[in-house]
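Dropping structure20.pdb in here (PDB, C-alpha atoms):
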```
ATOM      1  CA  MET T   1     141.789 105.430  72.077
ATOM      2  CA  LEU T   2     140.662 105.877  68.477
ATOM      3  CA  ARG T   3     141.288 102.184  67.877
ATOM      4  CA  THR T   4     139.086 101.210  70.837
ATOM      5  CA  ALA T   5     136.290 103.504  69.677
ATOM      6  CA  LEU T   6     136.494 102.131  66.137
ATOM      7  CA  CYS T   7     136.282  98.559  67.445
ATOM      8  CA  GLY T   8     133.204  99.488  69.469
ATOM      9  CA  VAL T   9     131.477 101.049  66.451
ATOM     10  CA  LEU T  10     132.303  98.052  64.269
ATOM     11  CA  ALA T  11     130.951  95.688  66.920
ATOM     12  CA  LEU T  12     127.612  97.499  66.789
ATOM     13  CA  PHE T  13     127.307  97.085  63.031
ATOM     14  CA  CYS T  14     128.763  93.615  62.610
ATOM     15  CA  THR T  15     126.504  90.752  63.578
ATOM     16  CA  ALA T  16     127.268  87.089  63.346
ATOM     17  CA  ALA T  17     125.094  85.115  60.981
ATOM     18  CA  GLN T  18     122.434  83.273  62.940
ATOM     19  CA  ALA T  19     121.506  79.751  61.923
ATOM     20  CA  GLU T  20     117.796  79.334  61.303
ATOM     21  CA  THR T  21     115.456  76.483  62.157
ATOM     22  CA  VAL T  22     112.603  75.725  59.766
ATOM     23  CA  GLU T  23     109.598  73.723  60.978
ATOM     24  CA  VAL T  24     108.238  70.943  58.763
ATOM     25  CA  LYS T  25     104.999  69.197  59.730
ATOM     26  CA  LEU T  26     104.389  65.521  59.003
ATOM     27  CA  LEU T  27     100.697  65.193  58.185
ATOM     28  CA  ASN T  28      98.205  62.438  57.432
ATOM     29  CA  ARG T  29      96.379  64.803  55.078
ATOM     30  CA  SER T  30      96.577  68.349  53.746
ATOM     31  CA  ASP T  31      95.383  70.337  50.736
ATOM     32  CA  SER T  32      98.196  68.739  48.725
ATOM     33  CA  GLY T  33      97.114  65.159  49.479
ATOM     34  CA  ALA T  34      97.545  62.297  51.912
ATOM     35  CA  MET T  35     100.737  61.457  53.814
ATOM     36  CA  VAL T  36     102.707  64.667  53.236
ATOM     37  CA  PHE T  37     105.464  66.838  54.617
ATOM     38  CA  ASP T  38     104.460  70.497  54.859
ATOM     39  CA  PRO T  39     106.302  72.201  53.274
ATOM     40  CA  ALA T  40     107.554  69.553  50.843
ATOM     41  CA  LEU T  41     110.572  71.617  49.719
ATOM     42  CA  VAL T  42     112.801  73.599  52.068
ATOM     43  CA  THR T  43     115.782  75.745  51.082
ATOM     44  CA  LEU T  44     118.437  76.278  53.751
ATOM     45  CA  GLN T  45     121.877  77.752  54.169
ATOM     46  CA  PRO T  46     124.657  75.534  55.533
ATOM     47  CA  GLY T  47     124.293  75.369  59.322
ATOM     48  CA  ASP T  48     120.507  75.814  59.314
ATOM     49  CA  SER T  49     118.266  73.115  60.813
ATOM     50  CA  VAL T  50     114.887  71.532  60.181
ATOM     51  CA  ARG T  51     112.561  70.649  63.055
ATOM     52  CA  PHE T  52     110.417  67.715  61.910
ATOM     53  CA  VAL T  53     107.101  67.737  63.796
ATOM     54  CA  PRO T  54     104.856  64.659  63.466
ATOM     55  CA  THR T  55     101.413  66.194  63.969
ATOM     56  CA  HIS T  56      99.887  62.714  63.813
ATOM     57  CA  LYS T  57     101.256  59.457  65.231
ATOM     58  CA  SER T  58     103.217  56.931  63.149
ATOM     59  CA  HIS T  59     105.429  59.415  61.260
ATOM     60  CA  ASN T  60     109.172  60.005  61.241
ATOM     61  CA  ALA T  61     111.767  61.734  59.074
ATOM     62  CA  ALA T  62     114.736  59.878  57.591
ATOM     63  CA  THR T  63     117.150  60.398  54.732
ATOM     64  CA  ILE T  64     116.552  58.389  51.564
ATOM     65  CA  ASP T  65     119.479  56.029  50.959
ATOM     66  CA  GLY T  66     121.498  57.249  47.985
ATOM     67  CA  LEU T  67     119.838  60.677  47.884
ATOM     68  CA  ILE T  68     122.049  62.831  50.088
ATOM     69  CA  PRO T  69     125.191  64.802  49.177
ATOM     70  CA  PRO T  70     128.594  63.103  49.459
ATOM     71  CA  GLY T  71     129.976  63.657  52.952
ATOM     72  CA  ALA T  72     126.551  64.258  54.519
ATOM     73  CA  THR T  73     125.486  62.167  57.501
ATOM     74  CA  PRO T  74     122.263  60.164  57.078
ATOM     75  CA  PHE T  75     119.667  60.288  59.853
ATOM     76  CA  LYS T  76     116.535  58.424  60.930
ATOM     77  CA  GLY T  77     114.236  59.934  63.534
ATOM     78  CA  PRO T  78     112.160  57.840  65.929
ATOM     79  CA  ILE T  79     108.510  57.186  65.055
ATOM     80  CA  SER T  80     106.047  59.771  66.449
ATOM     81  CA  GLU T  81     108.821  61.955  67.923
ATOM     82  CA  GLU T  82     109.888  65.471  67.001
ATOM     83  CA  ILE T  83     113.525  65.846  65.938
ATOM     84  CA  THR T  84     115.699  68.770  64.889
ATOM     85  CA  VAL T  85     118.359  68.022  62.290
ATOM     86  CA  PRO T  86     121.186  70.409  61.334
ATOM     87  CA  PHE T  87     122.213  70.494  57.658
ATOM     88  CA  SER T  88     125.802  71.594  57.037
ATOM     89  CA  VAL T  89     126.812  69.927  53.751
ATOM     90  CA  PRO T  90     125.515  71.787  50.657
ATOM     91  CA  GLY T  91     123.416  69.823  48.185
ATOM     92  CA  VAL T  92     120.061  68.085  47.864
ATOM     93  CA  TYR T  93     118.649  65.703  50.481
ATOM     94  CA  GLY T  94     115.758  63.326  49.877
ATOM     95  CA  ILE T  95     113.732  62.828  53.060
ATOM     96  CA  LYS T  96     111.087  60.162  53.693
ATOM     97  CA  CYS T  97     108.673  59.026  56.339
ATOM     98  CA  SER T  98     109.814  55.424  56.788
ATOM     99  CA  PRO T  99     106.354  53.884  57.446
ATOM    100  CA  HIS T 100     104.708  55.810  54.581
ATOM    101  CA  TYR T 101     107.499  55.873  51.993
ATOM    102  CA  ALA T 102     105.634  53.550  49.598
ATOM    103  CA  MET T 103     102.639  55.907  49.855
ATOM    104  CA  GLY T 104     104.802  58.759  48.560
ATOM    105  CA  MET T 105     105.513  60.577  51.827
ATOM    106  CA  VAL T 106     108.708  62.367  50.791
ATOM    107  CA  MET T 107     110.215  65.839  50.738
ATOM    108  CA  VAL T 108     113.377  67.603  49.587
ATOM    109  CA  VAL T 109     115.799  69.783  51.535
ATOM    110  CA  ARG T 110     118.139  71.940  49.455
ATOM    111  CA  VAL T 111     121.158  73.342  51.268
ATOM    112  CA  GLY T 112     122.967  76.204  49.552
ATOM    113  CA  PRO T 113     122.631  77.190  45.888
ATOM    114  CA  PRO T 114     120.418  75.348  43.386
ATOM    115  CA  ALA T 115     121.683  71.837  42.730
ATOM    116  CA  ALA T 116     120.371  69.608  39.966
ATOM    117  CA  VAL T 117     119.853  65.906  40.598
ATOM    118  CA  PRO T 118     119.599  63.987  37.311
ATOM    119  CA  ASP T 119     116.918  61.279  37.134
ATOM    120  CA  ALA T 120     119.694  58.743  36.572
ATOM    121  CA  ALA T 121     121.102  59.608  40.011
ATOM    122  CA  LEU T 122     117.935  58.488  41.787
ATOM    123  CA  PRO T 123     118.246  55.229  43.693
ATOM    124  CA  PRO T 124     116.584  52.431  41.675
ATOM    125  CA  ASP T 125     114.484  51.145  44.590
ATOM    126  CA  ILE T 126     112.403  54.309  45.138
ATOM    127  CA  PRO T 127     108.704  53.346  45.301
ATOM    128  CA  ALA T 128     106.631  54.616  42.346
ATOM    129  CA  ARG T 129     104.470  57.018  44.392
ATOM    130  CA  ALA T 130     107.524  58.438  46.146
ATOM    131  CA  LYS T 131     109.284  58.959  42.809
ATOM    132  CA  GLU T 132     106.169  60.650  41.419
ATOM    133  CA  ARG T 133     106.315  63.234  44.229
ATOM    134  CA  LEU T 134     110.114  63.510  44.326
ATOM    135  CA  LEU T 135     110.734  64.347  40.658
ATOM    136  CA  PRO T 136     108.973  67.758  40.634
ATOM    137  CA  LEU T 137     110.535  68.656  43.997
ATOM    138  CA  LEU T 138     114.006  67.783  42.725
ATOM    139  CA  GLU T 139     113.361  69.866  39.612
ATOM    140  CA  GLN T 140     112.414  72.852  41.789
ATOM    141  CA  ALA T 141     115.519  72.336  43.949
ATOM    142  CA  GLY T 142     117.664  72.597  40.822
ATOM    143  CA  ARG T 143     116.367  76.049  39.880
TER
END
```

Conversion result in structure tokens:
Amino acid sequence: MLRTALCGVLALFCTAAQAETVEVKLLNRSDSGAMVFDPALVTLQPGDSVRFVPTHKSHNAATIDGLIPPGATPFKGPISEEITVPFSVPGVYGIKCSPHYAMGMVMVVRVGPPAAVPDAALPPDIPARAKERLLPLLEQAGR
């Protein structure tokens, strides 16, 4: 009897961790410039998701080749369609809008604790404008 009551009390106070979903908008323009993700840096816990919402046509979200943690699965969303992507592997993910990558439309998703990404680890074929936006975001993700 006491055991059953104790289990009931513990069940009231113990709650399972709920995975969260963060919304990121893909915009033609915002206060931070043209062709942007808003927000440009998202911090998650393993198991959380990001819902990528193209608020204007011609946008998508895709991982940047060579800028995801080992063991993580790359993804590429369809153009002009909302997608929700779960992130389970800790580390730093570079995300791009495929059509606007050369224009610097990038963001960073950090999963878990701060993780530094040295400049030398960046893929060599990142367009200049994308690299210009990525470097400060990667620095923030490492803090």

Point to revise | Two-atom distance - CA of Leu44 in chain T, CA of Val111 in chain T (Å) | key: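 Interatomic distance, CA of Leu44 in chain T to CA of Val111 in chain T: 4.7 Å.
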
Practice item. Using the chain letters and residue numbers of this document, give as a PyMOL selection string the residues selected by the PyMOL selection byres ((chain T and resi 36) around 7). Key: chain T and resi 26-29+33-35+37-38+105-106

Exercise for review: Using CA of Glu81 in chain T and CA of Ala40 in chain T as the two end points, give the distance in Å to one decimal.
Suggested key: 18.7 Å

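Note on the selection: in this file the PyMOL selection byres ((chain T and resi 137) around 8) comes out as Ala40, Leu41, Met107, Val108, Arg133, Leu134, Leu135, Pro136, Leu138, Glu139, Gln140 and Ala141 of chain T.
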
Exercise for review: Figure out the distance between CA of Ala121 in chain T and CA of Val53 in chain T, please, to one decimal in Å.
Suggested key: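 Result for CA of Val53 in chain T versus CA of Ala121 in chain T: 28.8 Å, one decimal.
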
Check your understanding: Which polymer residues, protein or nucleic acid, are no farther than 9 Å from (121.2, 59.6, 55.2), counting all atoms listed in the file, as JSON, numbers by chain?
Key -> {"T": [62, 63, 64, 65, 66, 67, 68, 69, 72, 73, 74, 75, 76, 93, 94, 95]}

Exercise for review: Between T:Val42, T:Gly47, T:Pro78, T:Ser30, single out the one closest to Pro99 in chain T, counting only C-alpha atoms.
Suggested key: T:Pro78

Taking all atoms of range 105-110 of chain T that the file lists, what box with edges along x, y and z, padded by 3 Å per side, do you get, with centre and edge lengths in Å to one decimal, as lines of an AutoDock Vina configuration file?
```
center_x = 111.8
center_y = 66.3
center_z = 50.6
size_x = 18.6
size_y = 17.4
size_z = 8.4
```

Practice item. Counting only C-alpha atoms, figure out which residue out of T:Ser49, T:Pro127, T:Pro113, T:Ser88 gets nearest to Pro70 in chain T. Key: T:Ser88

Practice item. Run the PyMOL selection byres ((chain T and resi 20) around 9) on the file and write out the hits as a ChimeraX atom specification. Key: /T:18-19,21-22,44-45,47-50

Review point. In terms of the shortest atom-to-atom distance over only C-alpha atoms, which of T:Cys97, T:Val92, T:Ile83, T:Ile126 is closest to Ala61 in chain T?
Key: T:Cys97

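Minimum atom-to-atom distances from T:Thr84, T:His56, T:Gly77, T:Gly91 to Val109 in chain T were compared using all atoms listed in the file, and the lowest value belongs to T:Gly91.
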
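Among T:Val24, T:Pro123, T:Lys131, T:Phe52, the residue with the shortest atom-to-atom distance to Val85 in chain T, counting all atoms listed in the file, is T:Phe52.
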